[in-house]
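For reference, start02.cif (mmCIF, C-alpha atoms):
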data_upload
#
loop_
_atom_site.group_PDB
_atom_site.id
_atom_site.type_symbol
_atom_site.label_atom_id
_atom_site.label_comp_id
_atom_site.auth_asym_id
_atom_site.auth_seq_id
_atom_site.Cartn_x
_atom_site.Cartn_y
_atom_site.Cartn_z
ATOM 1 C CA MET A 1 18.536 11.865 -12.034
ATOM 2 C CA SER A 2 17.592 15.464 -11.329
ATOM 3 C CA THR A 3 18.609 16.384 -7.797
ATOM 4 C CA THR A 4 15.300 18.127 -7.030
ATOM 5 C CA THR A 5 13.145 15.125 -7.990
ATOM 6 C CA ASP A 6 15.485 12.716 -6.244
ATOM 7 C CA LYS A 7 15.417 14.816 -3.069
ATOM 8 C CA ARG A 8 11.618 15.098 -3.194
ATOM 9 C CA LEU A 9 11.182 11.314 -3.593
ATOM 10 C CA MET A 10 13.608 10.724 -0.714
ATOM 11 C CA ILE A 11 11.678 13.122 1.557
ATOM 12 C CA VAL A 12 8.386 11.405 0.630
ATOM 13 C CA CYS A 13 9.867 8.000 1.481
ATOM 14 C CA LEU A 14 11.199 9.292 4.820
ATOM 15 C CA VAL A 15 7.834 10.875 5.724
ATOM 16 C CA LEU A 16 5.977 7.641 4.872
ATOM 17 C CA THR A 17 8.438 5.590 6.932
ATOM 18 C CA GLY A 18 8.092 8.053 9.832
ATOM 19 C CA VAL A 19 4.285 7.806 9.777
ATOM 20 C CA THR A 20 4.571 3.979 9.656
ATOM 21 C CA LEU A 21 6.848 3.973 12.701
ATOM 22 C CA LEU A 22 4.416 6.296 14.501
ATOM 23 C CA SER A 23 1.458 3.979 13.861
ATOM 24 C CA TRP A 24 3.610 0.967 14.876
ATOM 25 C CA TRP A 25 4.501 2.783 18.123
ATOM 26 C CA LEU A 26 0.814 3.633 18.712
ATOM 27 C CA GLY A 27 -0.120 -0.015 18.361
ATOM 28 C CA ALA A 28 2.786 -1.412 20.371
ATOM 29 C CA SER A 29 3.266 0.951 23.301
ATOM 30 C CA HIS A 30 0.228 0.568 25.484
ATOM 31 C CA GLY A 31 1.310 -2.176 27.884
ATOM 32 C CA HIS A 32 -1.492 -4.365 29.189
ATOM 33 C CA HIS A 33 -4.076 -2.170 27.442
ATOM 34 C CA ALA A 34 -2.480 -3.019 24.108
ATOM 35 C CA PHE A 35 -5.191 -5.390 22.988
ATOM 36 C CA SER A 36 -8.364 -3.790 24.264
ATOM 37 C CA LEU A 37 -10.766 -1.694 22.201
ATOM 38 C CA ASN A 38 -9.327 1.773 21.753
ATOM 39 C CA ALA A 39 -11.104 4.263 19.494
ATOM 40 C CA GLY A 40 -8.261 6.787 19.717
ATOM 41 C CA ILE A 41 -5.624 4.342 18.460
ATOM 42 C CA THR A 42 -7.952 2.998 15.765
ATOM 43 C CA CYS A 43 -8.877 6.459 14.455
ATOM 44 C CA GLY A 44 -5.234 7.541 14.500
ATOM 45 C CA VAL A 45 -4.032 4.403 12.729
ATOM 46 C CA ILE A 46 -6.753 4.441 10.031
ATOM 47 C CA LEU A 47 -6.280 8.163 9.355
ATOM 48 C CA MET A 48 -2.500 7.697 9.149
ATOM 49 C CA ALA A 49 -3.072 4.855 6.655
ATOM 50 C CA ALA A 50 -5.305 7.207 4.618
ATOM 51 C CA LEU A 51 -2.593 9.878 4.688
ATOM 52 C CA LYS A 52 0.027 7.364 3.522
ATOM 53 C CA VAL A 53 -2.202 6.106 0.684
ATOM 54 C CA ARG A 54 -2.810 9.675 -0.487
ATOM 55 C CA VAL A 55 0.904 10.546 -0.379
ATOM 56 C CA ILE A 56 1.762 7.340 -2.324
ATOM 57 C CA ALA A 57 -0.935 8.146 -4.918
ATOM 58 C CA TRP A 58 0.018 11.807 -5.262
ATOM 59 C CA GLU A 59 3.806 11.624 -5.112
ATOM 60 C CA PHE A 60 4.815 8.119 -6.253
ATOM 61 C CA MET A 61 1.907 7.395 -8.639
ATOM 62 C CA GLU A 62 2.132 11.028 -9.767
ATOM 63 C CA LEU A 63 -1.534 11.911 -9.433
ATOM 64 C CA ASN A 64 -0.284 15.413 -8.564
ATOM 65 C CA HIS A 65 0.255 15.903 -12.329
ATOM 66 C CA ALA A 66 -2.961 14.114 -13.361
ATOM 67 C CA PRO A 67 -6.128 15.830 -14.629
ATOM 68 C CA VAL A 68 -8.265 17.336 -11.863
ATOM 69 C CA LYS A 69 -11.145 14.922 -12.592
ATOM 70 C CA MET A 70 -8.873 11.937 -11.966
ATOM 71 C CA GLN A 71 -7.628 13.468 -8.713
ATOM 72 C CA ARG A 72 -11.218 13.981 -7.566
ATOM 73 C CA VAL A 73 -12.124 10.349 -8.329
ATOM 74 C CA ALA A 74 -9.075 9.176 -6.331
ATOM 75 C CA ASP A 75 -9.910 11.453 -3.389
ATOM 76 C CA ALA A 76 -13.569 10.383 -3.449
ATOM 77 C CA ALA A 77 -12.616 6.683 -3.481
ATOM 78 C CA LEU A 78 -10.157 7.099 -0.593
ATOM 79 C CA THR A 79 -12.542 9.248 1.483
ATOM 80 C CA SER A 80 -15.410 6.783 0.916
ATOM 81 C CA ILE A 81 -13.527 3.677 1.983
ATOM 82 C CA ILE A 82 -11.951 5.343 5.044
ATOM 83 C CA THR A 83 -15.340 6.786 6.100
ATOM 84 C CA VAL A 84 -17.041 3.391 5.738
ATOM 85 C CA LEU A 85 -14.286 1.670 7.773
ATOM 86 C CA LEU A 86 -14.493 4.258 10.571
ATOM 87 C CA VAL A 87 -18.319 4.234 10.604
ATOM 88 C CA LEU A 88 -18.321 0.422 10.844
ATOM 89 C CA TYR A 89 -15.810 0.563 13.701
ATOM 90 C CA PHE A 90 -17.937 3.047 15.684
ATOM 91 C CA VAL A 91 -21.131 1.115 14.955
ATOM 92 C CA GLY A 92 -19.333 -1.897 16.420
ATOM 93 C CA LEU A 93 -18.331 0.086 19.522
ATOM 94 C CA ALA A 94 -21.883 1.300 20.053
ATOM 95 C CA ALA A 95 -23.417 -2.162 19.568
ATOM 96 C CA MET B 96 -12.512 28.949 -16.361
ATOM 97 C CA THR B 97 -9.704 29.777 -18.793
ATOM 98 C CA ASN B 98 -7.140 29.129 -16.072
ATOM 99 C CA ALA B 99 -8.726 25.795 -15.189
ATOM 100 C CA THR B 100 -8.750 24.771 -18.861
ATOM 101 C CA THR B 101 -5.098 25.753 -19.273
ATOM 102 C CA LEU B 102 -4.163 23.845 -16.113
ATOM 103 C CA ASN B 103 -5.969 20.725 -17.342
ATOM 104 C CA THR B 104 -4.246 20.778 -20.732
ATOM 105 C CA GLU B 105 -0.847 20.902 -18.989
ATOM 106 C CA ARG B 106 -1.749 17.864 -16.939
ATOM 107 C CA SER B 107 -1.528 14.284 -18.226
ATOM 108 C CA VAL B 108 -2.500 10.837 -17.048
ATOM 109 C CA PRO B 109 0.603 9.064 -15.681
ATOM 110 C CA GLY B 110 1.063 5.688 -17.416
ATOM 111 C CA GLN B 111 -1.615 4.124 -19.604
ATOM 112 C CA ILE B 112 -5.270 4.776 -18.806
ATOM 113 C CA ASP B 113 -5.948 0.989 -18.751
ATOM 114 C CA ILE B 114 -3.719 0.532 -15.687
ATOM 115 C CA TRP B 115 -5.824 3.110 -13.821
ATOM 116 C CA TYR B 116 -9.041 1.203 -14.611
ATOM 117 C CA PHE B 117 -7.275 -1.906 -13.326
ATOM 118 C CA VAL B 118 -6.217 -0.082 -10.135
ATOM 119 C CA LEU B 119 -9.795 1.147 -9.654
ATOM 120 C CA ILE B 120 -11.195 -2.398 -9.993
ATOM 121 C CA GLU B 121 -8.593 -3.714 -7.522
ATOM 122 C CA VAL B 122 -9.465 -0.935 -5.059
ATOM 123 C CA VAL B 123 -13.163 -1.885 -5.267
ATOM 124 C CA ILE B 124 -12.374 -5.590 -4.748
ATOM 125 C CA PHE B 125 -10.029 -4.977 -1.788
ATOM 126 C CA SER B 126 -12.470 -2.459 -0.278
ATOM 127 C CA SER B 127 -15.103 -5.197 -0.227
ATOM 128 C CA TYR B 128 -12.638 -7.465 1.628
ATOM 129 C CA PHE B 129 -11.883 -4.690 4.146
ATOM 130 C CA ILE B 130 -15.580 -3.988 4.749
ATOM 131 C CA THR B 131 -16.300 -7.714 5.230
ATOM 132 C CA TYR B 132 -13.394 -7.900 7.706
ATOM 133 C CA MET B 133 -14.782 -4.938 9.666
ATOM 134 C CA LEU B 134 -18.266 -6.489 9.780
ATOM 135 C CA TYR B 135 -16.916 -9.783 11.168
ATOM 136 C CA ARG B 136 -14.814 -7.771 13.623
ATOM 137 C CA ILE B 137 -17.927 -5.948 14.876
ATOM 138 C CA TRP B 138 -19.690 -9.256 15.488
ATOM 139 C CA ASN B 139 -16.792 -10.730 17.459
ATOM 140 C CA SER B 140 -14.494 -7.926 18.567
ATOM 141 C CA ASP B 141 -13.111 -9.705 21.661
ATOM 142 C CA MET B 142 -11.988 -12.749 19.710
ATOM 143 C CA PHE B 143 -10.470 -10.527 16.984
ATOM 144 C CA LEU B 144 -8.509 -8.501 19.572
ATOM 145 C CA GLN B 145 -7.255 -11.608 21.382
ATOM 146 C CA SER B 146 -6.163 -13.199 18.109
ATOM 147 C CA GLN B 147 -4.563 -9.960 16.920
ATOM 148 C CA ALA B 148 -2.322 -10.065 20.018
ATOM 149 C CA HIS B 149 -0.589 -13.120 18.514
ATOM 150 C CA LEU B 150 0.593 -11.203 15.432
ATOM 151 C CA SER B 151 3.995 -9.543 15.416
ATOM 152 C CA GLN B 152 3.615 -5.758 15.180
ATOM 153 C CA ASN B 153 7.321 -5.595 14.369
ATOM 154 C CA PHE B 154 6.917 -7.856 11.342
ATOM 155 C CA GLY B 155 3.946 -5.823 10.111
ATOM 156 C CA ALA B 156 5.907 -2.557 10.402
ATOM 157 C CA LEU B 157 8.987 -4.113 8.772
ATOM 158 C CA ASN B 158 6.872 -5.367 5.846
ATOM 159 C CA THR B 159 5.440 -1.859 5.409
ATOM 160 C CA VAL B 160 8.863 -0.200 5.402
ATOM 161 C CA ILE B 161 10.186 -2.766 2.859
ATOM 162 C CA LEU B 162 7.313 -1.981 0.469
ATOM 163 C CA LEU B 163 7.618 1.792 0.992
ATOM 164 C CA VAL B 164 11.321 1.605 0.109
ATOM 165 C CA SER B 165 10.469 -0.514 -2.958
ATOM 166 C CA SER B 166 7.955 2.155 -4.067
ATOM 167 C CA TRP B 167 10.607 4.816 -3.664
ATOM 168 C CA LEU B 168 13.061 2.749 -5.759
ATOM 169 C CA ILE B 169 10.601 2.183 -8.624
ATOM 170 C CA ALA B 170 9.618 5.877 -8.595
ATOM 171 C CA ARG B 171 13.326 6.708 -9.002
ATOM 172 C CA ALA B 172 13.603 4.113 -11.782
ATOM 173 C CA VAL B 173 10.791 5.855 -13.720
ATOM 174 C CA GLN B 174 12.535 9.185 -13.233
ATOM 175 C CA ALA B 175 15.862 7.733 -14.432
ATOM 176 C CA ALA B 176 14.155 6.235 -17.535
ATOM 177 C CA ARG B 177 12.610 9.633 -18.338
ATOM 178 C CA GLU B 178 16.092 11.129 -18.226
ATOM 179 C CA HIS B 179 17.390 8.330 -20.534
ATOM 180 C CA LYS B 180 19.591 6.909 -17.760
ATOM 181 C CA TYR B 181 18.606 3.350 -18.596
ATOM 182 C CA GLU B 182 21.418 1.551 -16.759
ATOM 183 C CA ALA B 183 20.501 3.304 -13.519
ATOM 184 C CA ALA B 184 16.798 2.640 -14.170
ATOM 185 C CA GLU B 185 17.411 -1.085 -14.677
ATOM 186 C CA LYS B 186 19.470 -1.300 -11.504
ATOM 187 C CA LEU B 187 16.680 0.416 -9.534
ATOM 188 C CA VAL B 188 14.040 -1.983 -10.920
ATOM 189 C CA PHE B 189 16.180 -4.945 -9.828
ATOM 190 C CA MET B 190 16.464 -3.379 -6.361
ATOM 191 C CA THR B 191 12.651 -3.045 -6.314
ATOM 192 C CA ILE B 192 12.322 -6.755 -7.156
ATOM 193 C CA ALA B 193 14.820 -7.549 -4.372
ATOM 194 C CA CYS B 194 12.567 -5.682 -1.909
ATOM 195 C CA GLY B 195 9.583 -7.691 -3.178
ATOM 196 C CA VAL B 196 11.509 -10.946 -2.646
ATOM 197 C CA LEU B 197 12.456 -9.788 0.861
ATOM 198 C CA PHE B 198 8.791 -8.979 1.576
ATOM 199 C CA ILE B 199 7.663 -12.456 0.450
ATOM 200 C CA ALA B 200 10.472 -14.135 2.425
ATOM 201 C CA SER B 201 9.479 -12.270 5.598
ATOM 202 C CA LYS B 202 5.816 -13.179 5.016
ATOM 203 C CA MET B 203 6.734 -16.873 4.573
ATOM 204 C CA PHE B 204 8.735 -16.719 7.808
ATOM 205 C CA GLU B 205 5.826 -15.046 9.607
ATOM 206 C CA TRP B 206 3.291 -17.581 8.279
ATOM 207 C CA SER B 207 5.503 -20.540 9.232
ATOM 208 C CA SER B 208 6.019 -19.160 12.752
ATOM 209 C CA LYS B 209 2.241 -18.624 13.168
ATOM 210 C CA ILE B 210 1.511 -22.153 11.915
ATOM 211 C CA GLY B 211 4.227 -23.432 14.295
ATOM 212 C CA GLU B 212 2.414 -21.685 17.165
ATOM 213 C CA GLY B 213 -0.816 -23.453 16.147
ATOM 214 C CA PHE B 214 -2.578 -20.553 14.393
ATOM 215 C CA GLU B 215 -3.852 -21.868 11.097
ATOM 216 C CA LEU B 216 -6.378 -20.765 8.482
ATOM 217 C CA SER B 217 -9.109 -22.713 10.268
ATOM 218 C CA THR B 218 -8.196 -21.590 13.830
ATOM 219 C CA ASN B 219 -10.808 -18.815 13.891
ATOM 220 C CA GLN B 220 -12.309 -16.059 11.711
ATOM 221 C CA PHE B 221 -9.491 -13.627 12.487
ATOM 222 C CA PHE B 222 -6.804 -16.028 11.275
ATOM 223 C CA SER B 223 -8.929 -16.903 8.207
ATOM 224 C CA PHE B 224 -8.888 -13.176 7.332
ATOM 225 C CA TYR B 225 -5.202 -12.895 8.222
ATOM 226 C CA TYR B 226 -4.135 -15.696 5.845
ATOM 227 C CA PHE B 227 -6.630 -14.653 3.154
ATOM 228 C CA LEU B 228 -5.723 -10.944 3.099
ATOM 229 C CA THR B 229 -1.950 -11.448 3.403
ATOM 230 C CA GLY B 230 -2.093 -14.376 0.928
ATOM 231 C CA ILE B 231 -4.039 -12.478 -1.734
ATOM 232 C CA HIS B 232 -1.645 -9.567 -1.239
ATOM 233 C CA VAL B 233 1.410 -11.810 -1.722
ATOM 234 C CA LEU B 234 -0.239 -13.043 -4.945
ATOM 235 C CA HIS B 235 -0.362 -9.397 -6.076
ATOM 236 C CA VAL B 236 3.340 -9.006 -5.225
ATOM 237 C CA LEU B 237 4.065 -12.045 -7.441
ATOM 238 C CA ILE B 238 1.996 -10.510 -10.271
ATOM 239 C CA GLY B 239 4.018 -7.332 -9.630
ATOM 240 C CA PHE B 240 7.174 -9.265 -10.569
ATOM 241 C CA VAL B 241 5.624 -9.893 -14.003
ATOM 242 C CA PHE B 242 4.916 -6.150 -14.385
ATOM 243 C CA LEU B 243 8.484 -5.303 -13.286
ATOM 244 C CA SER B 244 9.896 -7.881 -15.739
ATOM 245 C CA VAL B 245 8.023 -6.078 -18.521
ATOM 246 C CA VAL B 246 9.543 -2.805 -17.267
ATOM 247 C CA ILE B 247 13.055 -4.343 -17.460
ATOM 248 C CA TYR B 248 12.308 -5.651 -20.974
ATOM 249 C CA GLN B 249 11.182 -2.169 -22.011
ATOM 250 C CA ILE B 250 14.301 -0.560 -20.574
ATOM 251 C CA ARG B 251 16.572 -3.092 -22.321
ATOM 252 C CA THR B 252 14.859 -2.895 -25.732
ATOM 253 C CA PRO B 253 15.421 0.575 -27.246
ATOM 254 C CA HIS B 254 13.162 0.065 -30.311
ATOM 255 C CA ARG B 255 10.231 -1.039 -28.142
ATOM 256 C CA ARG B 256 10.819 1.302 -25.237
ATOM 257 C CA SER B 257 7.748 3.202 -24.046
ATOM 258 C CA ILE B 258 7.825 5.452 -21.007
ATOM 259 C CA LYS B 259 4.043 4.980 -20.620
ATOM 260 C CA VAL B 260 4.497 1.201 -20.214
ATOM 261 C CA ILE B 261 7.334 1.754 -17.710
ATOM 262 C CA GLU B 262 5.116 4.176 -15.744
ATOM 263 C CA SER B 263 2.239 1.660 -15.822
ATOM 264 C CA GLY B 264 4.433 -1.076 -14.313
ATOM 265 C CA ALA B 265 5.432 1.333 -11.548
ATOM 266 C CA ILE B 266 1.788 2.326 -10.914
ATOM 267 C CA TYR B 267 0.870 -1.347 -10.403
ATOM 268 C CA TRP B 268 3.730 -1.714 -7.908
ATOM 269 C CA HIS B 269 2.646 1.394 -5.963
ATOM 270 C CA MET B 270 -0.874 -0.073 -5.787
ATOM 271 C CA VAL B 271 0.578 -3.216 -4.151
ATOM 272 C CA ASP B 272 2.267 -0.886 -1.658
ATOM 273 C CA PHE B 273 -0.821 1.154 -0.696
ATOM 274 C CA LEU B 274 -3.010 -1.964 -0.375
ATOM 275 C CA TRP B 275 -0.508 -3.300 2.166
ATOM 276 C CA VAL B 276 -0.599 0.027 4.067
ATOM 277 C CA ILE B 277 -4.342 -0.529 4.727
ATOM 278 C CA ILE B 278 -3.912 -4.251 5.485
ATOM 279 C CA PHE B 279 -1.203 -3.348 8.050
ATOM 280 C CA ALA B 280 -3.535 -0.848 9.752
ATOM 281 C CA LEU B 281 -6.526 -3.209 9.872
ATOM 282 C CA LEU B 282 -4.847 -6.506 10.759
ATOM 283 C CA TYR B 283 -1.913 -5.466 12.927
ATOM 284 C CA VAL B 284 -2.457 -2.086 14.558
ATOM 285 C CA MET B 285 -6.106 -1.055 14.970
ATOM 286 C CA ARG B 286 -7.758 -1.804 18.298
#
Do you think you could lay out the structure here as structure tokens?
Amino acid sequence: MSTTTDKRLMIVCLVLTGVTLLSWWLGASHGHHAFSLNAGITCGVILMAALKVRVIAWEFMELNHAPVKMQRVADAALTSIITVLLVLYFVGLAA
Amino acid sequence: MTNATTLNTERSVPGQIDIWYFVLIEVVIFSSYFITYMLYRIWNSDMFLQSQAHLSQNFGALNTVILLVSSWLIARAVQAAREHKYEAAEKLVFMTIACGVLFIASKMFEWSSKIGEGFELSTNQFFSFYYFLTGIHVLHVLIGFVFLSVVIYQIRTPHRRSIKVIESGAIYWHMVDFLWVIIFALLYVMR
């Protein structure tokens, strides 16, 4: 395997694992407030999930080499679903 | 314009185009599940939060790391196949399957411990979503084994070998990974 590609895939995996551990820490380290509504944690966690999905799609699924149109469809789909999830969460908070 | 056209001709669709349509359909289906989950959560946020407290954050994070590692392994397998290192590629696909088996085993353990604690599918809406979303995802992991078996068959059969089919199998597996990333955020960590 080419060293450059192997190194790049390893770095991607480490970054994704690091972001996962960060969101796990965010969800687990708030003592007795752990299971109360918290917009900061929710936003952080959902945006980190979006980041991870994009990195998986771009680096592992190799959308970084795909035609621009395909990349735009993927970005639009990811942005739409994350926006809808966040909007629904804030609608719930306001209700 | 000329630059953009040149750039586009250098680019190519990874795997077969059919697998991307399949991924798109799966994304639409899972998005509808996620939106339904959020709507039910809005209507009963206290109950969802209280129920969520009974899930193991550690298990959720461990599951995520297992699938991320499996994605890394299958990405390396594709790279090895491209470089005609088929023995290494086959070994990496088997390691990917091992991660999938580990994921399912940890899910089974988690489900049995939740059932042991009295949290079943019918306990409340949160646990209905929990078993439904994690269950449908495990089903996708099992289907992933079929895709990975095809990848192994392709690697082992020189006259049938197609890098596009190998890439398609890997793309399916990565989809299983990113769907779990969102399930982990929504079920285990968000507040």
| field | Explicit residues for the PyMOL selection byres ((chain A and resi 71) around 12) (as a ChimeraX atom specification) | value | /A:54,57-58,61-70,72-78 /B:103,106-109,115
| remark: re CA of Leu26 in chain A and CA of Ala170 in chain B: distance 28.8 Å
Write out as JSON lines the residues of range 7-56 of chain A that have any atom within 8 Å of an atom of range 150-169 of chain B, one row each with the nearest atom pair and its distance in Å to one decimal, counting only C-alpha atoms, sorted by chain and then rising number.
{"residue": "A:Leu9", "atom": "CA", "partner": "B:Trp167", "partner_atom": "CA", "distance": 6.5}
{"residue": "A:Met10", "atom": "CA", "partner": "B:Trp167", "partner_atom": "CA", "distance": 7.3}
{"residue": "A:Cys13", "atom": "CA", "partner": "B:Trp167", "partner_atom": "CA", "distance": 6.1}
{"residue": "A:Leu16", "atom": "CA", "partner": "B:Leu163", "partner_atom": "CA", "distance": 7.2}
{"residue": "A:Thr17", "atom": "CA", "partner": "B:Val160", "partner_atom": "CA", "distance": 6.0}
{"residue": "A:Thr20", "atom": "CA", "partner": "B:Ala156", "partner_atom": "CA", "distance": 6.7}
{"residue": "A:Leu21", "atom": "CA", "partner": "B:Ala156", "partner_atom": "CA", "distance": 7.0}
{"residue": "A:Trp24", "atom": "CA", "partner": "B:Ala156", "partner_atom": "CA", "distance": 6.1}
{"residue": "A:Gly27", "atom": "CA", "partner": "B:Gln152", "partner_atom": "CA", "distance": 7.6}
{"residue": "A:Ala28", "atom": "CA", "partner": "B:Gln152", "partner_atom": "CA", "distance": 6.8}
So that I have them on file, write out the residues from the current selection with C-alpha atoms, as a compact mmCIF listing (two decimals), in the frame of the given file.
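So the final result, stored in again_39.txt, reads:
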# COMPACT_ATOMS: atom_id res chain seq x y z
CA LEU A 9 11.18 11.31 -3.59
CA MET A 10 13.61 10.72 -0.71
CA CYS A 13 9.87 8.00 1.48
CA LEU A 16 5.98 7.64 4.87
CA THR A 17 8.44 5.59 6.93
CA THR A 20 4.57 3.98 9.66
CA LEU A 21 6.85 3.97 12.70
CA TRP A 24 3.61 0.97 14.88
CA GLY A 27 -0.12 -0.02 18.36
CA ALA A 28 2.79 -1.41 20.37
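Atom pair CA of Leu228 in chain B / CA of Ser126 in chain B has a distance of 11.4 Å (rounded to one decimal).
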| said: Set the distance at 8 Å and use only C-alpha atoms: which residues neighbour Gly92 in chain A once local chain neighbours fewer than 2 positions away are removed? I'd like the list as an MDAnalysis selection string. | reply: (chainID A and resid 88:90 94:95) or (chainID B and resid 136:138)
| query | Looking at A:Thr5, A:Val12, A:Thr79, A:Leu37, which one is nearest to chain B, with distances taken over all atoms listed in the file? | reply |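 Among A:Thr5, A:Val12, A:Thr79, A:Leu37, it is A:Leu37 that comes nearest to chain B.
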| Given the choices B:Ser201, B:Ser208, B:Gln174, B:Gln111, which gets closest to chain A if the distance is worked out from only C-alpha atoms? | B:Gln174
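Near Met285 in chain B, within 9 Å and counting only C-alpha atoms, sit Gly27, Leu37, Asn38, Ala39, Ile41, Thr42, Cys43, Gly44, Val45 and Ile46 of chain A; Phe279, Ala280 and Leu281 of chain B; same-chain residues fewer than 4 positions away were not included.
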| So which one's closest to chain B, A:Trp25, A:Leu14, A:Ala49, A:Thr3? Using only C-alpha atoms, please. |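 Nearest candidate to chain B out of A:Trp25, A:Leu14, A:Ala49, A:Thr3: A:Ala49.
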| said: Counting all atoms listed in the file, which residue out of B:Leu134, B:Val118, B:Ile231, B:Ile199 sits closest to chain A? | reply: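 Of B:Leu134, B:Val118, B:Ile231, B:Ile199, the one nearest chain A is B:Leu134, counting all atoms listed in the file.
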| Given all atoms listed in the file as the counted atoms, nearest of A:Leu86, A:Val15, A:Leu47, A:Val53 to chain B | A:Val53
| Hits from the PyMOL selection byres ((chain B and resi 247-253) around 12), listed as a ChimeraX atom specification | /B:169,172-173,175-177,179-192,240-246,254-265
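Of note, CA of Thr218 in chain B and CA of Ala148 in chain B are spaced 14.3 Å apart.
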| message | Using only C-alpha atoms, can you tell me which of B:Val236, B:Leu282, B:Met133, B:Cys194 comes closest to chain A? | response |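 Of all the options, B:Met133 lies closest to chain A.
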| query | Near Tyr128 in chain B, counting only C-alpha atoms, which residues have an atom at most 12 Å away, once you skip same-chain residues fewer than 4 positions from it, shown as number ranges by chain? | reply | A: 81, 85; B: 121-124, 132-135, 224-225, 227-229, 231-232, 274, 277-278, 281
| task | Take the PyMOL selection byres ((chain B and resi 142-147) around 7), apply it to the structure above, and return the hits as a list in words. | result |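 Those residues are Phe35 and Ser36 of chain A; Arg136, Asn139, Ser140, Asp141, Ala148, His149, Leu150, Phe221, Tyr283 and Arg286 of chain B.
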